[in-house]
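Have a look at coords-v2.pdb; it's PDB, C-alpha atoms:
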MODEL        1
ATOM      1  CA  MET A   1       0.000   0.000   0.000
ATOM      2  CA  SER A   2       1.159   3.528  -0.753
ATOM      3  CA  ASP A   3       1.968   5.552   2.320
ATOM      4  CA  LYS A   4      -0.394   8.281   1.044
ATOM      5  CA  CYS A   5      -3.628   8.464   3.005
ATOM      6  CA  PRO A   6      -6.639   6.976   1.175
ATOM      7  CA  CYS A   7      -8.672  10.120   2.009
ATOM      8  CA  GLY A   8      -6.854  12.065  -0.710
ATOM      9  CA  SER A   9      -5.422  14.764   1.557
ATOM     10  CA  GLY A  10      -1.987  14.295   0.001
ATOM     11  CA  LYS A  11      -0.530  13.610   3.466
ATOM     12  CA  SER A  12       0.938  10.325   4.600
ATOM     13  CA  TYR A  13      -1.468   7.922   6.296
ATOM     14  CA  ALA A  14       0.640   8.100   9.485
ATOM     15  CA  THR A  15       0.179  11.882   9.775
ATOM     16  CA  CYS A  16      -3.374  12.072   8.441
ATOM     17  CA  CYS A  17      -6.028   9.471   9.310
ATOM     18  CA  GLU A  18      -4.022   6.848  11.206
ATOM     19  CA  PRO A  19      -4.120   8.795  14.513
ATOM     20  CA  TYR A  20      -7.925   8.900  14.220
ATOM     21  CA  LEU A  21      -8.368   5.235  13.312
ATOM     22  CA  SER A  22      -5.991   4.164  16.087
ATOM     23  CA  GLY A  23      -7.855   6.294  18.645
ATOM     24  CA  LYS A  24      -4.838   8.502  19.461
ATOM     25  CA  LEU A  25      -6.656  11.615  18.206
ATOM     26  CA  LYS A  26     -10.286  12.641  17.651
ATOM     27  CA  PRO A  27     -11.246  14.455  14.430
ATOM     28  CA  ALA A  28     -11.548  18.204  15.118
ATOM     29  CA  THR A  29     -14.086  18.851  12.352
ATOM     30  CA  ALA A  30     -16.924  17.051  10.601
ATOM     31  CA  SER A  31     -14.844  17.138   7.418
ATOM     32  CA  ASP A  32     -11.938  15.408   9.197
ATOM     33  CA  LEU A  33     -14.361  12.755  10.454
ATOM     34  CA  MET A  34     -15.770  12.239   6.952
ATOM     35  CA  ARG A  35     -12.306  11.769   5.457
ATOM     36  CA  SER A  36     -11.290   9.386   8.237
ATOM     37  CA  ARG A  37     -14.497   7.359   7.806
ATOM     38  CA  TYR A  38     -13.740   7.028   4.077
ATOM     39  CA  THR A  39     -10.259   5.808   5.010
ATOM     40  CA  ALA A  40     -11.842   3.346   7.462
ATOM     41  CA  TYR A  41     -13.913   1.881   4.625
ATOM     42  CA  ALA A  42     -10.842   1.714   2.376
ATOM     43  CA  MET A  43      -8.944  -0.150   5.113
ATOM     44  CA  ALA A  44     -11.943  -2.144   6.414
ATOM     45  CA  ALA A  45     -11.506  -0.579   9.873
ATOM     46  CA  ILE A  46     -15.070  -1.452  10.851
ATOM     47  CA  ASP A  47     -14.611  -0.792  14.581
ATOM     48  CA  TYR A  48     -13.802   2.844  13.774
ATOM     49  CA  LEU A  49     -16.955   3.186  11.696
ATOM     50  CA  TYR A  50     -19.003   1.885  14.619
ATOM     51  CA  ARG A  51     -17.225   4.098  17.189
ATOM     52  CA  THR A  52     -17.760   7.252  15.133
ATOM     53  CA  SER A  53     -21.472   6.642  14.528
ATOM     54  CA  GLY A  54     -24.336   8.110  16.522
ATOM     55  CA  ALA A  55     -26.574   5.919  18.695
ATOM     56  CA  LYS A  56     -29.252   5.358  16.014
ATOM     57  CA  ILE A  57     -26.684   4.207  13.455
ATOM     58  CA  GLN A  58     -24.955   2.003  16.033
ATOM     59  CA  LYS A  59     -28.264   0.247  16.765
ATOM     60  CA  GLU A  60     -28.656  -0.654  13.080
ATOM     61  CA  PHE A  61     -24.947  -1.339  12.438
ATOM     62  CA  ASN A  62     -24.057  -4.757  11.038
ATOM     63  CA  ALA A  63     -20.299  -5.136  11.433
ATOM     64  CA  GLU A  64     -19.992  -8.337   9.403
ATOM     65  CA  GLU A  65     -21.939  -6.981   6.410
ATOM     66  CA  SER A  66     -19.999  -3.708   6.569
ATOM     67  CA  ARG A  67     -16.708  -5.621   6.591
ATOM     68  CA  LYS A  68     -17.717  -7.797   3.621
ATOM     69  CA  TRP A  69     -18.764  -4.755   1.628
ATOM     70  CA  ALA A  70     -15.652  -2.721   2.499
ATOM     71  CA  GLU A  71     -13.342  -5.614   1.617
ATOM     72  CA  SER A  72     -15.149  -6.361  -1.669
ATOM     73  CA  ALA A  73     -14.548  -2.851  -2.985
ATOM     74  CA  GLU A  74     -11.465  -1.233  -4.462
ATOM     75  CA  TRP A  75     -11.497   2.315  -3.111
ATOM     76  CA  SER A  76     -10.303   5.004  -5.527
ATOM     77  CA  GLY A  77     -10.968   8.336  -3.815
ATOM     78  CA  ILE A  78     -13.307  10.781  -2.162
ATOM     79  CA  GLU A  79     -14.301  14.198  -3.459
ATOM     80  CA  MET A  80     -15.607  16.679  -0.924
ATOM     81  CA  LEU A  81     -18.245  18.792  -2.675
ATOM     82  CA  ASN A  82     -19.623  21.014   0.092
ATOM     83  CA  VAL A  83     -19.184  21.476   3.826
ATOM     84  CA  VAL A  84     -21.701  23.429   5.923
ATOM     85  CA  GLY A  85     -20.801  24.030   9.562
ATOM     86  CA  GLY A  86     -18.907  21.230  11.208
ATOM     87  CA  GLY A  87     -16.019  23.427  12.319
ATOM     88  CA  GLU A  88     -14.091  23.058  15.555
ATOM     89  CA  THR A  89     -16.512  25.327  17.442
ATOM     90  CA  ASP A  90     -19.726  24.060  15.783
ATOM     91  CA  GLU A  91     -22.090  21.470  17.222
ATOM     92  CA  THR A  92     -23.478  20.209  13.889
ATOM     93  CA  GLY A  93     -22.406  20.062  10.286
ATOM     94  CA  THR A  94     -23.056  18.469   6.920
ATOM     95  CA  VAL A  95     -20.611  17.192   4.342
ATOM     96  CA  GLU A  96     -21.578  16.484   0.744
ATOM     97  CA  PHE A  97     -19.191  14.097  -0.952
ATOM     98  CA  VAL A  98     -18.721  11.529  -3.691
ATOM     99  CA  ALA A  99     -16.874   8.362  -2.703
ATOM    100  CA  ARG A 100     -15.491   6.428  -5.664
ATOM    101  CA  TYR A 101     -14.926   2.704  -5.645
ATOM    102  CA  SER A 102     -15.316  -0.355  -7.840
ATOM    103  CA  VAL A 103     -16.599  -3.855  -7.218
ATOM    104  CA  ASN A 104     -15.539  -6.641  -9.584
ATOM    105  CA  GLY A 105     -14.255  -4.000 -12.004
ATOM    106  CA  THR A 106     -17.531  -2.048 -12.099
ATOM    107  CA  PRO A 107     -17.025   1.569 -10.982
ATOM    108  CA  PHE A 108     -19.457   3.276  -8.609
ATOM    109  CA  ASP A 109     -19.877   6.844  -7.371
ATOM    110  CA  HIS A 110     -21.535   7.062  -3.949
ATOM    111  CA  HIS A 111     -22.960  10.614  -3.661
ATOM    112  CA  GLU A 112     -24.209  11.542  -0.205
ATOM    113  CA  ILE A 113     -24.863  14.412   2.176
ATOM    114  CA  SER A 114     -23.871  13.238   5.642
ATOM    115  CA  SER A 115     -25.038  14.865   8.873
ATOM    116  CA  PHE A 116     -22.701  15.094  11.837
ATOM    117  CA  ALA A 117     -23.109  16.245  15.431
ATOM    118  CA  LYS A 118     -20.845  16.599  18.417
ATOM    119  CA  LYS A 119     -21.683  14.185  21.224
ATOM    120  CA  ASP A 120     -19.688  14.683  24.432
ATOM    121  CA  GLY A 121     -17.182  16.781  22.484
ATOM    122  CA  GLU A 122     -16.631  14.196  19.708
ATOM    123  CA  TRP A 123     -17.928  14.332  16.146
ATOM    124  CA  LYS A 124     -20.326  11.501  15.239
ATOM    125  CA  PHE A 125     -21.943  10.473  11.959
ATOM    126  CA  ILE A 126     -25.701  10.878  12.474
ATOM    127  CA  ASP A 127     -27.339  10.156   9.122
ATOM    128  CA  GLY A 128     -26.856  10.351   5.384
ATOM    129  CA  LYS A 129     -28.971  11.195   2.372
ATOM    130  CA  ILE A 130     -27.828   9.189  -0.629
ATOM    131  CA  PHE A 131     -28.294  10.538  -4.145
ATOM    132  CA  GLY A 132     -28.843   7.969  -6.851
ATOM    133  CA  PRO A 133     -30.292   7.867 -10.315
ATOM    134  CA  ALA A 134     -33.795   9.268 -10.549
ATOM    135  CA  PRO A 135     -36.468   6.594 -10.354
ATOM    136  CA  ILE A 136     -38.149   5.646 -13.601
ATOM    137  CA  ARG A 137     -41.550   7.294 -13.717
ATOM    138  CA  ARG A 138     -44.372   6.023 -15.880
ATOM    139  CA  GLU A 139     -45.527   8.637 -18.432
ATOM    140  CA  THR A 140     -48.910   7.017 -18.946
ATOM    141  CA  PRO A 141     -51.271   5.201 -16.582
ATOM    142  CA  LYS A 142     -50.589   1.523 -16.055
ATOM    143  CA  VAL A 143     -52.689  -0.728 -18.272
ATOM    144  CA  GLY A 144     -54.299  -3.688 -16.499
ATOM    145  CA  ARG A 145     -54.663  -7.115 -18.113
ATOM    146  CA  ASN A 146     -58.432  -6.715 -18.515
ATOM    147  CA  ASP A 147     -58.373  -3.057 -19.627
ATOM    148  CA  PRO A 148     -59.023  -2.159 -23.267
ATOM    149  CA  CYS A 149     -55.782  -2.269 -25.252
ATOM    150  CA  PRO A 150     -54.325   1.246 -25.688
ATOM    151  CA  CYS A 151     -53.587   0.489 -29.356
ATOM    152  CA  GLY A 152     -57.316   0.931 -30.121
ATOM    153  CA  SER A 153     -57.992  -2.607 -31.386
ATOM    154  CA  GLY A 154     -61.028  -2.985 -29.137
ATOM    155  CA  LYS A 155     -59.556  -6.151 -27.572
ATOM    156  CA  LYS A 156     -58.549  -6.582 -23.968
ATOM    157  CA  TYR A 157     -54.892  -5.752 -23.365
ATOM    158  CA  LYS A 158     -54.107  -9.383 -22.376
ATOM    159  CA  LYS A 159     -55.446 -10.628 -25.749
ATOM    160  CA  CYS A 160     -53.669  -7.962 -27.800
ATOM    161  CA  CYS A 161     -50.432  -6.052 -27.075
ATOM    162  CA  GLY A 162     -50.108  -7.609 -23.619
ATOM    163  CA  LYS A 163     -50.202 -11.146 -25.007
ATOM    164  CA  GLU A 164     -47.150 -13.184 -24.119
ATOM    165  CA  LYS A 165     -44.984 -13.924 -27.120
ATOM    166  CA  VAL A 166     -44.249 -17.612 -27.484
TER     167      VAL A 166
ENDMDL
END

Spell out the structure here as C-alpha cells.
Amino acid sequence: MSDKCPCGSGKSYATCCEPYLSGKLKPATASDLMRSRYTAYAMAAIDYLYRTSGAKIQKEFNAEESRKWAESAEWSGIEMLNVVGGGETDETGTVEFVARYSVNGTPFDHHEISSFAKKDGEWKFIDGKIFGPAPIRRETPKVGRNDPCPCGSGKKYKKCCGKEKV
C-alpha cells in the first residue's frame, strides 16, 4: 500500500487518518471525520466506523456486512463537494461528498450528504442522504390485463399487445 492516506489529503497515512483510526486523536471537524471514515472503509476498519457513529446508526450497524462490503470494494478516492458548519466550534455540520470505488471492475460513485453532530465533544456520523439515479416514472397510466388495449384494437390488453410472445 502507498503511504499516502486513502482520504486524498496528500498527506501520509501516518500523519493524516491513522491517529484517528488508532484512537490517538479525535477528528476536530466534521470534514476530518468524513475523510477518516472514508479511510476506514478503504482499510476495512469497521470498529472505527461503529465508534464514530451516533446511537441510532450504532443500533442498526451490522459489522460483518460492513466488513464484507468494504473488503469487496477497491477504493479510488473521495471528493468533498460542500461542507456546511462542522467546524471546531460548531455542534453540527453536513458534508456532501462523492466516494469512488469499484466492485468486480464495475465503478461506482456514492454521492451523499452526511449529517454530523458533536456528542460529548466528539464528532459523530448521524445520518446520510444518498443521491442515486432518478427513479423511472411512468408517463402514462398503467394498463391492467383486462383493460381495453391502448392500441385501439377494441380487444382486452391481455389478448392484444399484452399477449405473451411464445

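Minimum distance to Met43 in chain A across A:Ser114, A:Ser31, A:Gln58, A:Ser66 (counting all atoms listed in the file) occurs at A:Ser66.
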
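Proximity to Ser76 in chain A was assessed for A:Thr94, A:Lys26, A:Tyr50, A:His110 counting all atoms listed in the file; the smallest distance is recorded for A:His110.
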
Using only C-alpha atoms, the shortest atom-to-atom distance to Asp90 in chain A among A:Glu122, A:Glu64, A:Asp47, A:Glu18 belongs to A:Glu122

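Nearest to Lys129 in chain A of all the residues A:Arg145, A:Thr106, A:Glu96, A:Lys155 is A:Glu96, based on all atoms listed in the file.
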
Could you tell me, as a ChimeraX atom specification, exactly which residues end up selected when the PyMOL selection byres ((chain A and resi 125) around 9) is applied to this structure? /A:30,33-34,49,52-54,57,114-118,123-124,126-128

Quiz item: If the PyMOL selection byres ((chain A and resi 37) around 9) is run on the structure shown, which residues does it catch, given as a VMD selection string?
Solution: chain A and resid 7 17 21 32 to 36 38 to 42 45 48 to 49 52

Take the residues that were just selected and, keeping C-alpha atoms, output them as an mmCIF file, in the frame of the given file.
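Listed below is the output, result.cif:
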data_model
loop_
_atom_site.group_PDB
_atom_site.id
_atom_site.type_symbol
_atom_site.label_atom_id
_atom_site.label_comp_id
_atom_site.auth_asym_id
_atom_site.auth_seq_id
_atom_site.Cartn_x
_atom_site.Cartn_y
_atom_site.Cartn_z
ATOM 1 C CA CYS A 7 -8.672 10.120 2.009
ATOM 2 C CA CYS A 17 -6.028 9.471 9.310
ATOM 3 C CA LEU A 21 -8.368 5.235 13.312
ATOM 4 C CA ASP A 32 -11.938 15.408 9.197
ATOM 5 C CA LEU A 33 -14.361 12.755 10.454
ATOM 6 C CA MET A 34 -15.770 12.239 6.952
ATOM 7 C CA ARG A 35 -12.306 11.769 5.457
ATOM 8 C CA SER A 36 -11.290 9.386 8.237
ATOM 9 C CA TYR A 38 -13.740 7.028 4.077
ATOM 10 C CA THR A 39 -10.259 5.808 5.010
ATOM 11 C CA ALA A 40 -11.842 3.346 7.462
ATOM 12 C CA TYR A 41 -13.913 1.881 4.625
ATOM 13 C CA ALA A 42 -10.842 1.714 2.376
ATOM 14 C CA ALA A 45 -11.506 -0.579 9.873
ATOM 15 C CA TYR A 48 -13.802 2.844 13.774
ATOM 16 C CA LEU A 49 -16.955 3.186 11.696
ATOM 17 C CA THR A 52 -17.760 7.252 15.133
#

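Nearest to Asn104 in chain A of all the residues A:Ile130, A:Ala73, A:Cys160, A:Met80 is A:Ala73, based on all atoms listed in the file.
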
**Asked** Excluding same-chain residues fewer than 6 positions from Gly85 in chain A, what lies within 9 Å of it counting only C-alpha atoms, as a PyMOL selection string?
**Response** chain A and resi 29-30+91-95

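Considering the residues A:Lys142, A:Lys119, A:Arg51, A:Arg100 and counting all atoms listed in the file, Gly23 in chain A has its shortest atom-to-atom contact with A:Arg51.
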
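Between CA of Tyr101 in chain A and CA of Lys24 in chain A lies a distance of 27.7 Å.
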
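Across the structure, CA of Ser102 in chain A and CA of Leu81 in chain A are spaced 20.0 Å apart.
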
Who sits within 12 Å of Lys159 in chain A, all atoms listed in the file, same chain under 6 positions skipped, as a PDB file with C-alpha atoms, in the coordinates of the input:
ATOM      1  CA  GLY A 144     -54.299  -3.688 -16.499  1.00  0.00           C
ATOM      2  CA  ARG A 145     -54.663  -7.115 -18.113  1.00  0.00           C
ATOM      3  CA  ASN A 146     -58.432  -6.715 -18.515  1.00  0.00           C
ATOM      4  CA  ASP A 147     -58.373  -3.057 -19.627  1.00  0.00           C
ATOM      5  CA  PRO A 148     -59.023  -2.159 -23.267  1.00  0.00           C
ATOM      6  CA  CYS A 149     -55.782  -2.269 -25.252  1.00  0.00           C
ATOM      7  CA  PRO A 150     -54.325   1.246 -25.688  1.00  0.00           C
ATOM      8  CA  CYS A 151     -53.587   0.489 -29.356  1.00  0.00           C
ATOM      9  CA  SER A 153     -57.992  -2.607 -31.386  1.00  0.00           C
ATOM     10  CA  LYS A 165     -44.984 -13.924 -27.120  1.00  0.00           C
TER      11      LYS A 165
END

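For the atom pair formed by CA of Ala55 in chain A and CA of Leu25 in chain A, the distance is 20.7 Å, given to one decimal.
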
Could you tell me, as a PyMOL selection string, which residues have any atom at most 6 Å from (-16.8, 10.9, -7.6), counting all atoms listed in the file?
chain A and resi 79+98-100+109

Missing atoms in range 45-74 of chain A: fill them in up to N, CA and C atoms and send the result as a PDB file, in the frame of the given file.
ATOM      1  N   ALA A  45     -11.621  -0.829   8.432  1.00  0.00           N
ATOM      2  CA  ALA A  45     -11.506  -0.579   9.873  1.00  0.00           C
ATOM      3  C   ALA A  45     -12.922  -0.391  10.437  1.00  0.00           C
ATOM      4  N   ILE A  46     -13.646  -1.472  10.521  1.00  0.00           N
ATOM      5  CA  ILE A  46     -15.070  -1.452  10.851  1.00  0.00           C
ATOM      6  C   ILE A  46     -15.329  -0.954  12.273  1.00  0.00           C
ATOM      7  N   ASP A  47     -14.444  -1.273  13.205  1.00  0.00           N
ATOM      8  CA  ASP A  47     -14.611  -0.792  14.581  1.00  0.00           C
ATOM      9  C   ASP A  47     -14.652   0.734  14.631  1.00  0.00           C
ATOM     10  N   TYR A  48     -13.824   1.381  13.809  1.00  0.00           N
ATOM     11  CA  TYR A  48     -13.802   2.844  13.774  1.00  0.00           C
ATOM     12  C   TYR A  48     -15.136   3.383  13.256  1.00  0.00           C
ATOM     13  N   LEU A  49     -15.676   2.740  12.239  1.00  0.00           N
ATOM     14  CA  LEU A  49     -16.955   3.186  11.696  1.00  0.00           C
ATOM     15  C   LEU A  49     -18.040   3.102  12.766  1.00  0.00           C
ATOM     16  N   TYR A  50     -18.027   2.044  13.535  1.00  0.00           N
ATOM     17  CA  TYR A  50     -19.003   1.885  14.619  1.00  0.00           C
ATOM     18  C   TYR A  50     -18.792   2.960  15.695  1.00  0.00           C
ATOM     19  N   ARG A  51     -17.546   3.139  16.125  1.00  0.00           N
ATOM     20  CA  ARG A  51     -17.225   4.098  17.189  1.00  0.00           C
ATOM     21  C   ARG A  51     -17.596   5.522  16.834  1.00  0.00           C
ATOM     22  N   THR A  52     -17.513   5.874  15.553  1.00  0.00           N
ATOM     23  CA  THR A  52     -17.760   7.252  15.133  1.00  0.00           C
ATOM     24  C   THR A  52     -19.185   7.476  14.641  1.00  0.00           C
ATOM     25  N   SER A  53     -20.061   6.517  14.911  1.00  0.00           N
ATOM     26  CA  SER A  53     -21.472   6.642  14.528  1.00  0.00           C
ATOM     27  C   SER A  53     -22.300   7.041  15.740  1.00  0.00           C
ATOM     28  N   GLY A  54     -23.392   7.755  15.473  1.00  0.00           N
ATOM     29  CA  GLY A  54     -24.336   8.110  16.522  1.00  0.00           C
ATOM     30  C   GLY A  54     -25.109   6.889  16.986  1.00  0.00           C
ATOM     31  N   ALA A  55     -25.859   7.039  18.062  1.00  0.00           N
ATOM     32  CA  ALA A  55     -26.574   5.919  18.695  1.00  0.00           C
ATOM     33  C   ALA A  55     -27.535   5.219  17.744  1.00  0.00           C
ATOM     34  N   LYS A  56     -28.287   5.973  16.936  1.00  0.00           N
ATOM     35  CA  LYS A  56     -29.252   5.358  16.014  1.00  0.00           C
ATOM     36  C   LYS A  56     -28.540   4.480  14.973  1.00  0.00           C
ATOM     37  N   ILE A  57     -27.456   4.980  14.444  1.00  0.00           N
ATOM     38  CA  ILE A  57     -26.684   4.207  13.455  1.00  0.00           C
ATOM     39  C   ILE A  57     -26.071   2.980  14.118  1.00  0.00           C
ATOM     40  N   GLN A  58     -25.555   3.135  15.333  1.00  0.00           N
ATOM     41  CA  GLN A  58     -24.955   2.003  16.033  1.00  0.00           C
ATOM     42  C   GLN A  58     -25.974   0.888  16.255  1.00  0.00           C
ATOM     43  N   LYS A  59     -27.218   1.261  16.549  1.00  0.00           N
ATOM     44  CA  LYS A  59     -28.264   0.247  16.765  1.00  0.00           C
ATOM     45  C   LYS A  59     -28.489  -0.604  15.528  1.00  0.00           C
ATOM     46  N   GLU A  60     -28.386   0.028  14.346  1.00  0.00           N
ATOM     47  CA  GLU A  60     -28.656  -0.654  13.080  1.00  0.00           C
ATOM     48  C   GLU A  60     -27.395  -1.230  12.439  1.00  0.00           C
ATOM     49  N   PHE A  61     -26.240  -1.003  13.035  1.00  0.00           N
ATOM     50  CA  PHE A  61     -24.947  -1.339  12.438  1.00  0.00           C
ATOM     51  C   PHE A  61     -24.735  -2.850  12.389  1.00  0.00           C
ATOM     52  N   ASN A  62     -24.374  -3.347  11.210  1.00  0.00           N
ATOM     53  CA  ASN A  62     -24.057  -4.757  11.038  1.00  0.00           C
ATOM     54  C   ASN A  62     -22.574  -4.840  10.659  1.00  0.00           C
ATOM     55  N   ALA A  63     -21.749  -5.143  11.631  1.00  0.00           N
ATOM     56  CA  ALA A  63     -20.299  -5.136  11.433  1.00  0.00           C
ATOM     57  C   ALA A  63     -19.857  -6.126  10.359  1.00  0.00           C
ATOM     58  N   GLU A  64     -20.417  -7.317  10.368  1.00  0.00           N
ATOM     59  CA  GLU A  64     -19.992  -8.337   9.403  1.00  0.00           C
ATOM     60  C   GLU A  64     -20.340  -7.935   7.974  1.00  0.00           C
ATOM     61  N   GLU A  65     -21.550  -7.430   7.755  1.00  0.00           N
ATOM     62  CA  GLU A  65     -21.939  -6.981   6.410  1.00  0.00           C
ATOM     63  C   GLU A  65     -21.097  -5.785   5.967  1.00  0.00           C
ATOM     64  N   SER A  66     -20.832  -4.871   6.889  1.00  0.00           N
ATOM     65  CA  SER A  66     -19.999  -3.708   6.569  1.00  0.00           C
ATOM     66  C   SER A  66     -18.593  -4.143   6.180  1.00  0.00           C
ATOM     67  N   ARG A  67     -18.048  -5.115   6.895  1.00  0.00           N
ATOM     68  CA  ARG A  67     -16.708  -5.621   6.591  1.00  0.00           C
ATOM     69  C   ARG A  67     -16.675  -6.277   5.209  1.00  0.00           C
ATOM     70  N   LYS A  68     -17.666  -7.125   4.936  1.00  0.00           N
ATOM     71  CA  LYS A  68     -17.717  -7.797   3.621  1.00  0.00           C
ATOM     72  C   LYS A  68     -17.768  -6.776   2.497  1.00  0.00           C
ATOM     73  N   TRP A  69     -18.623  -5.762   2.680  1.00  0.00           N
ATOM     74  CA  TRP A  69     -18.764  -4.755   1.628  1.00  0.00           C
ATOM     75  C   TRP A  69     -17.473  -3.965   1.461  1.00  0.00           C
ATOM     76  N   ALA A  70     -16.890  -3.517   2.567  1.00  0.00           N
ATOM     77  CA  ALA A  70     -15.652  -2.721   2.499  1.00  0.00           C
ATOM     78  C   ALA A  70     -14.527  -3.513   1.841  1.00  0.00           C
ATOM     79  N   GLU A  71     -14.415  -4.787   2.176  1.00  0.00           N
ATOM     80  CA  GLU A  71     -13.342  -5.614   1.617  1.00  0.00           C
ATOM     81  C   GLU A  71     -13.591  -5.994   0.163  1.00  0.00           C
ATOM     82  N   SER A  72     -14.844  -5.987  -0.283  1.00  0.00           N
ATOM     83  CA  SER A  72     -15.149  -6.361  -1.669  1.00  0.00           C
ATOM     84  C   SER A  72     -14.870  -5.227  -2.642  1.00  0.00           C
ATOM     85  N   ALA A  73     -14.719  -4.022  -2.128  1.00  0.00           N
ATOM     86  CA  ALA A  73     -14.548  -2.851  -2.985  1.00  0.00           C
ATOM     87  C   ALA A  73     -13.079  -2.449  -3.111  1.00  0.00           C
ATOM     88  N   GLU A  74     -12.771  -1.859  -4.255  1.00  0.00           N
ATOM     89  CA  GLU A  74     -11.465  -1.233  -4.462  1.00  0.00           C
ATOM     90  C   GLU A  74     -11.721   0.267  -4.411  1.00  0.00           C
TER      91      GLU A  74
END
